[in-house]
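Student: File follows, model-v8.txt with compact mmCIF, C-alpha atoms and all ligand atoms:
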# COMPACT_ATOMS: atom_id res chain seq x y z
CA MET A 330 7.48 -12.87 -13.50
CA ASN A 331 10.58 -12.09 -15.46
CA VAL A 332 11.91 -11.34 -18.93
CA GLU A 333 14.21 -14.22 -19.86
CA SER A 334 15.63 -12.95 -23.11
CA MET A 335 15.14 -10.24 -25.70
CA ARG A 336 16.00 -9.67 -29.34
CA LEU A 337 16.12 -6.17 -30.79
CA ILE A 338 16.43 -5.33 -34.47
CA ASN A 339 16.81 -1.71 -35.60
CA PHE A 340 15.41 -0.58 -32.26
CA ARG A 341 16.82 2.95 -31.73
CA ASN A 342 20.63 2.59 -31.71
CA TYR A 343 20.56 -1.25 -31.57
CA LYS A 344 21.05 -2.83 -34.99
CA ASN A 345 20.66 -6.47 -34.06
CA ILE A 346 21.22 -7.81 -30.55
CA SER A 347 20.17 -10.76 -28.43
CA LEU A 348 20.25 -10.51 -24.65
CA LYS A 349 19.77 -13.06 -21.92
CA PHE A 350 18.70 -11.64 -18.58
CA HIS A 351 19.33 -12.61 -15.00
CA LYS A 352 16.10 -13.58 -13.26
CA ASN A 353 16.96 -11.22 -10.46
CA ILE A 354 19.28 -8.23 -10.98
CA ASN A 355 20.38 -6.81 -14.34
CA ILE A 356 22.59 -3.79 -14.62
CA PHE A 357 23.30 -1.67 -17.66
CA ILE A 358 26.43 0.44 -17.26
CA GLY A 359 27.41 3.04 -19.81
CA LYS A 360 28.26 6.67 -20.37
CA ASN A 361 25.53 9.12 -21.38
CA ALA A 362 23.65 8.58 -24.65
CA GLN A 363 24.94 5.03 -25.24
CA GLY A 364 21.59 3.22 -25.20
CA LYS A 365 20.78 2.29 -21.58
CA THR A 366 17.32 3.87 -21.48
CA ASN A 367 16.63 2.44 -24.92
CA LEU A 368 16.84 -1.04 -23.38
CA MET A 369 14.48 -0.02 -20.56
CA GLU A 370 12.10 1.29 -23.18
CA ALA A 371 12.14 -2.04 -25.05
CA ILE A 372 11.37 -4.00 -21.86
CA TYR A 373 8.61 -1.55 -20.92
CA MET A 374 7.07 -1.92 -24.38
CA CYS A 375 6.82 -5.68 -23.95
CA ALA A 376 4.58 -5.11 -20.92
CA ILE A 377 2.55 -2.07 -21.86
CA GLY A 378 2.70 -2.18 -25.65
CA ARG A 379 3.84 1.43 -25.99
CA SER A 380 6.83 3.52 -25.01
CA PHE A 381 7.07 5.63 -21.85
CA ARG A 382 9.00 8.27 -23.81
CA THR A 383 7.03 8.83 -26.98
CA ASN A 384 3.67 8.21 -28.61
CA LYS A 385 5.31 8.16 -32.03
CA ASP A 386 6.54 4.66 -32.83
CA LYS A 387 8.47 5.92 -35.83
CA GLU A 388 10.90 7.68 -33.46
CA ILE A 389 11.82 4.26 -32.09
CA ILE A 390 12.82 2.81 -35.46
CA ASN A 391 16.54 3.22 -36.19
CA PHE A 392 17.19 6.49 -38.06
CA GLU A 393 18.50 4.64 -41.13
CA LYS A 394 15.87 1.90 -41.27
CA ASN A 395 12.15 1.54 -41.96
CA GLU A 396 11.29 -1.29 -39.61
CA ALA A 397 12.06 -2.29 -36.05
CA TYR A 398 11.44 -5.45 -34.08
CA ILE A 399 11.31 -6.49 -30.41
CA GLY A 400 10.99 -10.14 -29.43
CA ALA A 401 10.95 -11.22 -25.78
CA ASN A 402 10.58 -14.50 -23.93
CA VAL A 403 8.74 -13.87 -20.70
CA SER A 404 8.14 -16.19 -17.79
CA LEU A 405 4.85 -15.65 -15.95
CA GLY A 406 4.99 -18.08 -13.07
CA ASP A 407 4.01 -21.49 -14.44
CA TYR A 408 3.75 -20.51 -18.06
CA LYS A 409 5.80 -18.68 -20.65
CA LYS A 410 4.89 -16.19 -23.32
CA PHE A 411 6.66 -14.94 -26.40
CA PHE A 412 5.94 -11.27 -27.17
CA GLU A 413 6.75 -9.67 -30.50
CA ILE A 414 6.31 -6.07 -31.59
CA LYS A 415 6.87 -4.99 -35.15
CA MET A 416 7.04 -1.31 -36.05
CA GLU A 417 7.00 0.08 -39.57
CA ARG A 418 7.21 3.72 -40.60
CA ASN A 419 3.75 5.24 -41.18
CA LYS A 420 1.93 2.05 -40.21
CA PRO A 421 0.37 1.05 -36.88
CA LYS A 422 2.59 -1.30 -34.93
CA ARG A 423 1.74 -4.98 -34.80
CA ILE A 424 1.90 -7.09 -31.66
CA ARG A 425 1.94 -10.86 -31.38
CA VAL A 426 1.74 -13.05 -28.30
CA ASN A 427 2.80 -16.66 -28.87
CA LYS A 428 2.61 -15.92 -32.62
CA THR A 429 -1.05 -14.78 -32.43
CA GLU A 430 -1.60 -11.20 -33.51
CA LEU A 431 -3.49 -8.88 -31.14
CA ALA A 432 -6.15 -6.48 -32.39
CA SER A 433 -4.65 -3.64 -30.35
CA TYR A 434 -1.79 -3.03 -27.93
CA LYS A 435 -4.37 -2.49 -25.19
CA GLU A 436 -5.01 -6.25 -25.17
CA LEU A 437 -1.46 -6.78 -23.96
CA ASN A 438 -2.25 -5.63 -20.45
CA THR A 439 -2.85 -9.04 -18.94
CA GLY A 440 0.66 -10.40 -19.40
CA LEU A 441 3.80 -8.87 -18.06
CA ASN A 442 3.64 -6.09 -15.44
CA VAL A 443 6.32 -3.45 -15.05
CA VAL A 444 6.89 -0.59 -12.66
CA ILE A 445 9.27 2.07 -13.85
CA PHE A 446 11.05 4.67 -11.74
CA THR A 447 12.81 7.52 -13.55
CA PRO A 448 13.85 11.06 -12.54
CA GLU A 449 10.73 12.27 -14.40
CA ASP A 450 8.60 10.67 -11.70
CA LEU A 451 9.26 13.60 -9.43
CA LYS A 452 6.44 15.12 -11.46
CA ILE A 453 4.01 12.88 -9.57
CA VAL A 454 4.59 15.16 -6.58
CA LYS A 455 5.75 18.41 -8.18
CA GLY A 456 3.74 18.46 -11.39
CA GLY A 457 0.12 19.34 -12.12
CA PRO A 458 -2.94 17.17 -11.42
CA GLN A 459 -2.73 15.59 -14.89
CA GLU A 460 0.59 13.93 -13.91
CA ARG A 461 -1.03 12.40 -10.85
CA ARG A 462 -4.08 11.27 -12.80
CA ASN A 463 -1.82 9.60 -15.38
CA PHE A 464 0.10 7.90 -12.61
CA ILE A 465 -2.99 6.51 -10.91
CA ASP A 466 -4.53 5.49 -14.26
CA SER A 467 -1.47 3.54 -15.34
CA GLY A 468 -1.36 1.86 -11.90
CA VAL A 469 -5.02 0.80 -11.99
CA SER A 470 -4.76 -0.33 -15.66
CA GLN A 471 -1.98 -2.75 -14.81
CA ILE A 472 -4.11 -4.62 -12.33
CA LYS A 473 -7.44 -4.08 -14.07
CA PRO A 474 -7.11 -4.00 -17.88
CA VAL A 475 -10.78 -3.06 -18.45
CA TYR A 476 -10.05 0.22 -16.63
CA SER A 477 -7.98 1.62 -19.50
CA TYR A 478 -10.90 0.86 -21.83
CA ASN A 479 -13.17 2.91 -19.52
CA ILE A 480 -10.66 5.77 -19.40
CA ASN A 481 -10.45 5.93 -23.20
CA LYS A 482 -14.23 5.77 -23.52
CA TYR A 483 -14.63 8.54 -20.92
CA LYS A 484 -12.11 10.77 -22.71
CA LYS A 485 -13.96 10.35 -26.00
CA LEU A 486 -17.37 11.09 -24.45
CA LEU A 487 -16.00 14.14 -22.65
CA TYR A 488 -14.44 15.45 -25.85
CA GLN A 489 -17.76 15.04 -27.67
CA ARG A 490 -19.70 16.67 -24.81
CA ASN A 491 -17.35 19.65 -24.77
CA ASN A 492 -17.75 20.04 -28.53
CA LEU A 493 -21.51 19.99 -28.09
CA LEU A 494 -21.30 22.63 -25.37
CA LYS A 495 -19.24 24.85 -27.66
CA SER A 496 -21.72 24.51 -30.53
CA SER A 497 -24.82 24.86 -28.30
CA ARG A 498 -25.84 28.21 -29.80
CA PHE A 499 -26.48 26.55 -33.15
CA ARG A 500 -28.41 23.57 -31.79
CA LYS A 501 -32.04 23.57 -30.74
CA ASP A 502 -31.91 19.97 -29.53
CA ILE A 503 -28.94 20.63 -27.21
CA ASN A 504 -30.69 19.59 -23.98
CA ASN A 505 -31.85 16.24 -25.38
CA LEU A 506 -28.41 15.54 -26.83
CA LEU A 507 -26.65 16.39 -23.60
CA GLU A 508 -28.99 14.18 -21.62
CA VAL A 509 -27.90 11.16 -23.65
CA PHE A 510 -24.23 12.00 -23.15
CA ASP A 511 -24.57 12.79 -19.48
CA LEU A 512 -26.16 9.44 -18.68
CA GLN A 513 -23.20 7.61 -20.22
CA ILE A 514 -20.63 9.98 -18.74
CA ALA A 515 -22.05 9.65 -15.21
CA LYS A 516 -22.03 5.86 -15.47
CA ILE A 517 -18.45 5.55 -16.73
CA GLY A 518 -17.21 8.47 -14.61
CA THR A 519 -18.59 6.82 -11.48
CA SER A 520 -16.77 3.55 -12.25
CA ILE A 521 -13.52 5.45 -12.79
CA ILE A 522 -13.83 7.39 -9.53
CA LEU A 523 -14.64 4.26 -7.53
CA GLU A 524 -11.68 2.36 -9.03
CA ARG A 525 -9.31 5.26 -8.38
CA ASP A 526 -10.57 5.65 -4.82
CA LYS A 527 -10.17 1.93 -4.09
CA TYR A 528 -6.66 1.89 -5.57
CA LEU A 529 -5.57 5.01 -3.74
CA GLN A 530 -6.78 3.79 -0.37
CA LYS A 531 -4.63 0.67 -0.72
CA LEU A 532 -1.69 2.63 -2.11
CA SER A 533 -1.92 5.21 0.64
CA ASP A 534 -1.67 2.62 3.45
CA LEU A 535 1.39 1.01 1.88
CA ALA A 536 3.06 4.31 0.97
CA SER A 537 2.56 5.63 4.45
CA PHE A 538 4.16 2.46 5.89
CA ASN A 539 7.15 2.70 3.50
CA HIS A 540 7.64 6.39 4.07
CA THR A 541 7.72 6.07 7.86
CA LYS A 542 10.31 3.29 7.59
CA ILE A 543 12.49 5.08 5.03
CA THR A 544 12.54 8.25 7.13
CA ASP A 545 13.21 6.42 10.41
CA GLN A 546 9.78 7.35 11.83
CA LEU A 547 10.47 11.06 11.26
CA GLU A 548 7.90 11.63 8.58
CA ASN A 549 4.36 10.59 8.02
CA LEU A 550 2.99 10.44 4.47
CA ASN A 551 -0.69 10.61 3.68
CA LEU A 552 -2.28 10.40 0.23
CA LYS A 553 -5.77 11.72 -0.27
CA TYR A 554 -7.91 11.31 -3.35
CA MET A 555 -9.79 14.47 -4.33
CA THR A 556 -12.79 14.39 -6.62
CA ASN A 557 -15.65 16.81 -7.20
CA VAL A 558 -18.23 13.99 -7.29
CA PRO A 559 -19.39 12.70 -3.89
CA ILE A 560 -18.28 9.10 -3.28
CA LEU A 561 -21.29 7.09 -2.11
CA GLU A 562 -21.54 3.46 -1.08
CA ASN A 563 -24.25 2.62 -3.57
CA LYS A 564 -23.11 2.97 -7.19
CA GLY A 565 -26.61 3.82 -8.47
CA ASP A 566 -27.01 6.59 -5.90
CA MET A 567 -23.60 7.94 -6.83
CA GLU A 568 -24.50 8.05 -10.54
CA LYS A 569 -27.68 9.98 -9.64
CA ALA A 570 -25.75 12.46 -7.50
CA TYR A 571 -23.22 12.86 -10.34
CA LEU A 572 -26.03 13.60 -12.85
CA GLU A 573 -27.60 16.08 -10.44
CA LEU A 574 -24.28 17.93 -10.16
CA MET A 575 -23.88 18.01 -13.93
CA LYS A 576 -27.37 19.47 -14.26
CA LYS A 577 -26.64 22.10 -11.62
CA ASN A 578 -23.48 23.06 -13.42
CA LEU A 579 -24.93 23.08 -16.93
CA LYS A 580 -25.31 26.85 -17.16
CA LYS A 581 -21.64 27.36 -16.34
CA ASP A 582 -20.58 24.50 -18.64
CA LEU A 583 -22.50 26.10 -21.52
CA GLU A 584 -20.96 29.47 -20.79
CA PHE A 585 -17.37 28.18 -20.78
CA GLY A 586 -17.76 25.33 -23.27
CA THR A 587 -16.12 22.78 -20.93
CA THR A 588 -17.28 20.21 -18.41
CA GLU A 589 -16.60 21.05 -14.79
CA ILE A 590 -17.79 17.90 -13.03
CA GLY A 591 -16.04 14.55 -13.34
CA PRO A 592 -12.85 12.51 -12.82
CA HIS A 593 -10.90 14.57 -15.41
CA ARG A 594 -10.60 17.14 -12.60
CA ASP A 595 -9.44 14.67 -9.92
CA ASP A 596 -6.22 15.10 -7.99
CA ILE A 597 -4.22 13.40 -5.25
CA ILE A 598 -3.10 15.47 -2.29
CA MET A 599 0.16 14.27 -0.75
CA MET A 600 0.75 15.36 2.82
CA ILE A 601 4.02 15.00 4.73
CA ASN A 602 3.50 15.61 8.45
CA ASN A 603 0.21 17.32 7.56
CA LYS A 604 1.82 19.76 5.08
CA ASP A 605 1.25 19.60 1.33
CA ALA A 606 4.39 17.91 -0.10
CA ARG A 607 3.91 19.61 -3.47
CA ILE A 608 4.12 23.08 -1.94
CA TYR A 609 6.25 22.65 1.18
CA GLY A 610 8.24 19.46 0.52
CA SER A 611 11.99 19.74 -0.02
CA GLN A 612 13.49 18.09 -3.13
CA GLY A 613 14.66 15.21 -0.90
CA GLN A 614 11.24 14.78 0.73
CA GLN A 615 9.54 14.80 -2.66
CA ARG A 616 11.97 12.17 -3.92
CA THR A 617 11.34 9.97 -0.88
CA THR A 618 7.60 10.38 -1.42
CA VAL A 619 7.96 9.09 -4.98
CA LEU A 620 10.11 6.19 -3.79
CA SER A 621 7.52 5.26 -1.12
CA ILE A 622 4.77 5.37 -3.75
CA ILE A 623 6.69 3.33 -6.33
CA LEU A 624 7.51 0.64 -3.77
CA SER A 625 3.84 0.51 -2.82
CA GLU A 626 2.89 0.05 -6.45
CA LEU A 627 5.11 -3.05 -6.56
CA GLU A 628 3.37 -4.49 -3.52
CA LEU A 629 -0.09 -3.76 -4.89
CA ILE A 630 0.65 -5.56 -8.14
CA LYS A 631 1.99 -8.51 -6.14
CA ARG A 632 -1.26 -8.64 -4.12
CA GLU A 633 -3.48 -8.47 -7.18
CA ARG A 634 -1.50 -10.61 -9.62
CA GLY A 635 0.18 -13.00 -7.18
CA MET A 636 3.62 -12.06 -8.57
CA TYR A 637 5.89 -9.07 -8.27
CA PRO A 638 6.21 -7.02 -11.47
CA VAL A 639 9.50 -6.33 -13.22
CA LEU A 640 11.11 -3.19 -11.81
CA LEU A 641 12.90 -0.72 -14.09
CA LEU A 642 15.15 1.85 -12.38
CA ASP A 643 16.35 4.28 -14.98
CA ASP A 644 18.91 6.85 -13.82
CA VAL A 645 17.54 6.98 -10.28
CA PHE A 646 19.76 4.61 -8.34
CA SER A 647 22.73 6.96 -8.12
CA GLU A 648 20.42 9.82 -7.10
CA LEU A 649 19.41 8.11 -3.85
CA ASP A 650 21.39 8.42 -0.64
CA GLY A 651 22.81 5.35 1.13
CA SER A 652 19.85 4.58 3.40
CA ARG A 653 17.24 4.98 0.65
CA ARG A 654 19.35 2.87 -1.68
CA LYS A 655 19.57 0.17 0.99
CA TYR A 656 15.78 0.25 1.55
CA LEU A 657 15.24 -0.16 -2.17
CA THR A 658 17.87 -2.90 -2.55
CA ASP A 659 16.11 -4.96 0.15
CA PHE A 660 13.16 -5.31 -2.25
CA PHE A 661 15.37 -6.72 -5.01
CA ASN A 662 15.31 -10.29 -3.65
CA HIS A 663 11.68 -10.66 -4.66
CA MET A 664 11.71 -9.58 -8.27
CA GLN A 665 13.52 -9.02 -11.52
CA VAL A 666 15.15 -5.60 -11.58
CA PHE A 667 16.82 -3.62 -14.36
CA ILE A 668 19.07 -0.77 -13.30
CA THR A 669 20.91 1.78 -15.42
CA VAL A 670 23.99 3.57 -14.07
CA THR A 671 26.75 5.61 -15.64
CA ASP A 672 29.32 4.57 -13.09
CA GLY A 673 30.10 1.14 -11.58
CA GLU A 674 30.93 2.91 -8.29
CA ASP A 675 27.20 3.31 -7.68
CA LEU A 676 26.83 -0.44 -7.34
CA LYS A 677 28.77 -0.93 -4.12
CA SER A 678 25.56 -1.65 -2.16
CA MET A 679 24.92 -4.59 -4.50
CA GLU A 680 28.36 -6.16 -4.36
CA ASN A 681 27.16 -9.40 -2.83
CA LEU A 682 24.00 -9.83 -4.84
CA ASN A 683 23.55 -12.18 -7.79
CA LYS A 684 23.43 -10.18 -10.96
CA THR A 685 24.26 -9.78 -14.62
CA ILE A 686 26.12 -6.70 -15.80
CA TYR A 687 26.03 -5.39 -19.35
CA TYR A 688 28.46 -2.69 -20.42
CA ILE A 689 26.95 -0.52 -23.11
CA GLU A 690 28.77 1.56 -25.66
CA ASN A 691 27.06 3.15 -28.60
CA GLY A 692 24.45 0.43 -29.05
CA ASN A 693 26.93 -2.38 -28.47
CA LEU A 694 26.87 -4.62 -25.43
CA LYS A 695 29.53 -6.45 -23.54
CA LEU A 696 28.38 -8.99 -21.00
CA GLU A 697 30.35 -9.39 -17.81
CA ASN A 698 29.98 -12.96 -16.55
CA SER A 699 26.96 -13.31 -14.30
CA TYR A 700 27.97 -13.11 -10.71
CA ASP A 701 26.51 -15.62 -8.31
CA SER A 702 27.41 -15.01 -4.67
CA SER A 703 26.30 -18.51 -3.62
CA TYR A 704 29.43 -19.95 -5.34
CA ARG A 705 31.80 -17.93 -3.26
N1 LIG B 801 15.60 6.17 -33.67
C1 LIG B 801 16.90 6.15 -33.33
N2 LIG B 801 17.82 5.60 -34.18
C2 LIG B 801 19.13 5.55 -33.86
N3 LIG B 801 19.64 6.03 -32.70
C3 LIG B 801 18.77 6.58 -31.84
C4 LIG B 801 17.36 6.66 -32.09
N4 LIG B 801 16.75 7.25 -31.04
C5 LIG B 801 17.74 7.56 -30.17
N5 LIG B 801 18.93 7.14 -30.62
C6 LIG B 801 20.24 7.28 -29.97
O1 LIG B 801 20.23 6.61 -28.72
C7 LIG B 801 21.13 7.29 -27.86
C8 LIG B 801 20.45 7.61 -26.56
O2 LIG B 801 20.17 6.42 -25.90
P1 LIG B 801 19.60 6.40 -24.43
O3 LIG B 801 18.53 7.39 -24.28
O4 LIG B 801 19.30 4.97 -24.15
O5 LIG B 801 20.88 6.89 -23.62
P2 LIG B 801 21.37 6.54 -22.17
O6 LIG B 801 22.52 5.59 -22.28
O7 LIG B 801 20.23 6.14 -21.30
O8 LIG B 801 21.94 7.95 -21.73
P3 LIG B 801 21.81 8.85 -20.42
O9 LIG B 801 22.76 8.25 -19.42
O10 LIG B 801 22.26 10.15 -20.92
O11 LIG B 801 20.37 8.84 -19.98
C9 LIG B 801 21.56 8.57 -28.52
O12 LIG B 801 22.86 8.37 -29.02
C10 LIG B 801 20.57 8.73 -29.65
O13 LIG B 801 21.10 9.37 -30.77
Could you quickly redo this structure as structure tokens?

Tutor:
Amino acid sequence: MNVESMRLINFRNYKNISLKFHKNINIFIGKNAQGKTNLMEAIYMCAIGRSFRTNKDKEIINFEKNEAYIGANVSLGDYKKFFEIKMERNKPKRIRVNKTELASYKELNTGLNVVIFTPEDLKIVKGGPQERRNFIDSGVSQIKPVYSYNINKYKKLLYQRNNLLKSSRFRKDINNLLEVFDLQIAKIGTSIILERDKYLQKLSDLASFNHTKITDQLENLNLKYMTNVPILENKGDMEKAYLELMKKNLKKDLEFGTTEIGPHRDDIIMMINNKDARIYGSQGQQRTTVLSIILSELELIKRERGMYPVLLLDDVFSELDGSRRKYLTDFFNHMQVFITVTDGEDLKSMENLNKTIYYIENGNLKLENSYDSSYR
């Protein structure tokens, strides 16, 4: 799959531009604050329907304007799609695919897949459990769109349950009400845990393979999914065990006004040579862990969707040392990649690869002729 072309109108610092992309490597070179990440954001939005930087669409609209537009022609194997996103101040954004309007951006999930790698991703290792849950949720959603529906439903039910717990003193019917909620929560929570567990097992095998190769057999990476609900083979039995646990914990839940049991407390433990990477990993080891995981995500999407996703590398390429950069570059043959750099020097490892380079200055683009090594 690849993004063939894109039109941006009043999108951040781009007034009105049309871009044609290379089906393999695209590079955006520019000094700081010129608009490189803005382009990554626009591509990401075509796949996921929302930004990776903000939940507020109005921030994306050019400061001086009231509307913004993204249009993108996307090739998905044998067929093509035309995505359009229109944003207006103080109105929900509108999304069209092949000129048909979608009811919500969540419906967009079945089209284009993207994997993004930014310096912020270090949080997957270093940050709190919420960062790791978000990471796993966005990974599962890309290959199983119904999953994000379940996550949203679960969050709503949990919010309502916690509100009920907090108001329990004023309600005589609290036990009956909670019973209704708990049945639904255990059902949806079980599905979420099983999906996460399945995804993480696959991801862990691939990440461990990548990590060993990147580190020249020196390090062994192991990812372990942690949940406070027992994972059982039979889904019905698991739901029952989940409900039992909720019942056992009810006294405590009522006391604190929050729900203890469930996937909102899940975490992923990342072990390098049997030591917790979050606590004992050096900055370099943590970075390599993220790289191993991101590369595994690409492979998982390929397995599930039959095509590699589009890869967005924002500000990370120059941060990697030579051998890691080489390992990453070897993946580039298979997919469309977008890379941002501030300095052309960083691109030496890609000298002989086919690519398109855009120079970016204050929301203006200059295209350097596409370079095709096969004509040399
Ligand atoms: N809504 C907006 N309207 C107009 N300009 C905006 C808007 N949002 C951000 N910008 C501008 O976009 C620029 C930042 O763009 P971007 O984040 O893409 O930079 P970058 O080239 O990736 O920089 P760096 O290398 O520092 O990461 C800034 O000049 C900022 O003022």

Student: Within 8 Å of ligand LIG 801 (chain B), counting only C-alpha atoms and all ligand atoms, which protein or nucleic acid residues do you find, written as number ranges by chain?

Tutor: A: 339-343, 359-369, 387-393, 643-644, 669-671, 689, 691-692

Student: Please compute the CA of Lys631 in chain A-CA of Val666 in chain A distance, one decimal, in Å.

Tutor: 14.5 Å

Student: Pick the closest to Lys484 in chain A from A:Leu574, A:Ile346, A:Ile372, A:Ile514: which is it, counting only C-alpha atoms?

Tutor: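 Counting only C-alpha atoms, the residue closest to Lys484 in chain A is A:Ile514.
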
Student: Write out as a Markdown table the residues of range 573-646 of chain A that have any atom within 12 Å of an atom of range 525-528 of chain A, one row each with the nearest atom pair and its distance in Å to one decimal, counting only C-alpha atoms, sorted by chain and then rising number.

Tutor:
| residue | atom | partner | partner_atom | distance |
| --- | --- | --- | --- | --- |
| A:Pro592 | CA | A:Arg525 | CA | 9.2 |
| A:His593 | CA | A:Arg525 | CA | 11.8 |
| A:Asp595 | CA | A:Arg525 | CA | 9.5 |
| A:Asp596 | CA | A:Arg525 | CA | 10.3 |
| A:Ile597 | CA | A:Asp526 | CA | 10.0 |
| A:Ser625 | CA | A:Tyr528 | CA | 10.9 |
| A:Glu626 | CA | A:Tyr528 | CA | 9.8 |
| A:Leu629 | CA | A:Tyr528 | CA | 8.7 |
| A:Ile630 | CA | A:Tyr528 | CA | 10.7 |
| A:Arg632 | CA | A:Tyr528 | CA | 11.9 |
| A:Glu633 | CA | A:Tyr528 | CA | 11.0 |

Student: Ranking A:Glu680, A:Ala515, A:Phe381, A:Asn491 by minimum distance to Ser467 in chain A and counting all atoms listed in the file, which one comes first?

Tutor: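 Counting all atoms listed in the file, the residue closest to Ser467 in chain A is A:Phe381.
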
Student: Pick the closest to Lys684 in chain A from A:Gln615, A:Asn395, A:Gln471, A:Asn355: which is it, counting only C-alpha atoms?

Tutor: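 Using only C-alpha atoms, the shortest distance to Lys684 in chain A belongs to A:Asn355.
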
Student: In terms of the shortest atom-to-atom distance over only C-alpha atoms, which of A:Asp450, A:Asp672, A:Glu508, A:Asp466 is closest to Thr617 in chain A?

Tutor: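 Checking each candidate against Thr617 in chain A, we get A:Asp450 as the closest.
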
Student: Let me make sure I understand: among A:Ile686, A:Leu512, A:Met374, A:Val645, which one has the smallest atom-to-atom distance to Asn442 in chain A if we use only C-alpha atoms?

Tutor: A:Met374

Student: One number please: CA of Asn578 in chain A to CA of Arg490 in chain A, in Å, one decimal.

Tutor: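 Going from CA of Asn578 in chain A over to CA of Arg490 in chain A covers 13.6 Å.
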
Student: I'd like a table as CSV: residues in range 346-409 of chain A with an atom no more than 6 Å from range 413-429 of chain A, each row giving the shortest atom pair and its distance in Å to one decimal, only C-alpha atoms counted, sorted by chain and rising residue number.

Tutor:
residue,atom,partner,partner_atom,distance
A:Lys387,CA,A:Arg418,CA,5.4
A:Asn395,CA,A:Arg418,CA,5.6
A:Glu396,CA,A:Glu417,CA,4.5
A:Ala397,CA,A:Met416,CA,5.1
A:Tyr398,CA,A:Lys415,CA,4.7
A:Ile399,CA,A:Ile414,CA,5.2
A:Gly400,CA,A:Glu413,CA,4.4

Student: For CA of Glu697 in chain A and CA of Asn662 in chain A, determine how far apart the two atoms are, in Å to one decimal place.

Tutor: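 Distance reported for this atom pair: 20.7 Å.
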
Student: Please identify all polymer residues within 12 Å of Ala570 in chain A, counting all atoms listed in the file, omitting same-chain residues fewer than 5 positions from it, and present them as a list in words.

Tutor: Leu512, Ala515, Lys516, Gly518, Thr519, Asn557, Val558, Pro559, Ile560, Leu561, Glu562, Asn563, Lys564, Gly565, Met575, Lys576, Lys577, Ile590 and Gly591 of chain A

Student: Would you be able to write out as JSON, numbers by chain which residues have an atom within 12 Å of (-15.2, -1.7, -21.5) in the file's coordinates, counting all atoms listed in the file?

Tutor: {"A": [435, 436, 473, 474, 475, 476, 477, 478, 479, 480, 481, 482, 483, 516, 517, 520, 521]}

Student: Taking all atoms listed in the file into account, which of A:Gly440, A:Gly468, A:Pro638, A:Gly651 comes nearest Gln665 in chain A?

Tutor: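 Selected residue with least distance to Gln665 in chain A: A:Pro638.
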
Student: Per residue of range 424-513 of chain A within 8 Å of range 579-583 of chain A, note the shortest atom pair and the distance in Å to one decimal, counting all atoms listed in the file, and order the rows by chain and increasing residue number, as a Markdown table.

Tutor:
| residue | atom | partner | partner_atom | distance |
| --- | --- | --- | --- | --- |
| A:Leu494 | CA | A:Leu583 | CA | 5.3 |
| A:Lys495 | CA | A:Leu583 | CA | 7.1 |
| A:Ser497 | CA | A:Leu583 | CA | 7.3 |

Student: Can you tell me, as a PyMOL selection string, what residues are no more than 6 Å from range 545-555 of chain A when counting only C-alpha atoms, ignoring any on the same chain fewer than 6 positions away?

Tutor: chain A and resi 533+537+595-602

Student: Hey, what's within 12 Å of Asn492 in chain A if we count all atoms listed in the file and toss same-chain stuff fewer than 2 positions away? As a PyMOL selection string, please?

Tutor: chain A and resi 485-490+494-500+503+506-507+510+582-583+585-588

Student: Take range 670-679 of chain A, model N, CA and C atoms, and hand the result over as a compact mmCIF listing (two decimals), keeping the file's coordinate frame.

Tutor:
# COMPACT_ATOMS: atom_id res chain seq x y z
N VAL A 670 23.07 2.65 -14.77
CA VAL A 670 23.99 3.57 -14.07
C VAL A 670 25.07 4.01 -15.06
N THR A 671 25.66 5.17 -14.77
CA THR A 671 26.75 5.61 -15.64
C THR A 671 28.09 5.19 -15.04
N ASP A 672 28.07 4.84 -13.77
CA ASP A 672 29.32 4.57 -13.09
C ASP A 672 29.19 3.32 -12.21
N GLY A 673 30.11 2.38 -12.37
CA GLY A 673 30.10 1.14 -11.58
C GLY A 673 30.22 1.40 -10.09
N GLU A 674 30.77 2.55 -9.72
CA GLU A 674 30.93 2.91 -8.29
C GLU A 674 29.59 2.89 -7.55
N ASP A 675 28.52 3.22 -8.31
CA ASP A 675 27.20 3.31 -7.68
C ASP A 675 26.68 1.96 -7.21
N LEU A 676 27.38 0.90 -7.59
CA LEU A 676 26.83 -0.44 -7.34
C LEU A 676 27.37 -1.10 -6.08
N LYS A 677 28.13 -0.34 -5.31
CA LYS A 677 28.77 -0.93 -4.12
C LYS A 677 27.76 -1.64 -3.21
N SER A 678 26.54 -1.04 -3.07
CA SER A 678 25.56 -1.65 -2.16
C SER A 678 25.05 -2.99 -2.69
N MET A 679 25.42 -3.33 -3.93
CA MET A 679 24.92 -4.59 -4.50
C MET A 679 26.04 -5.60 -4.73
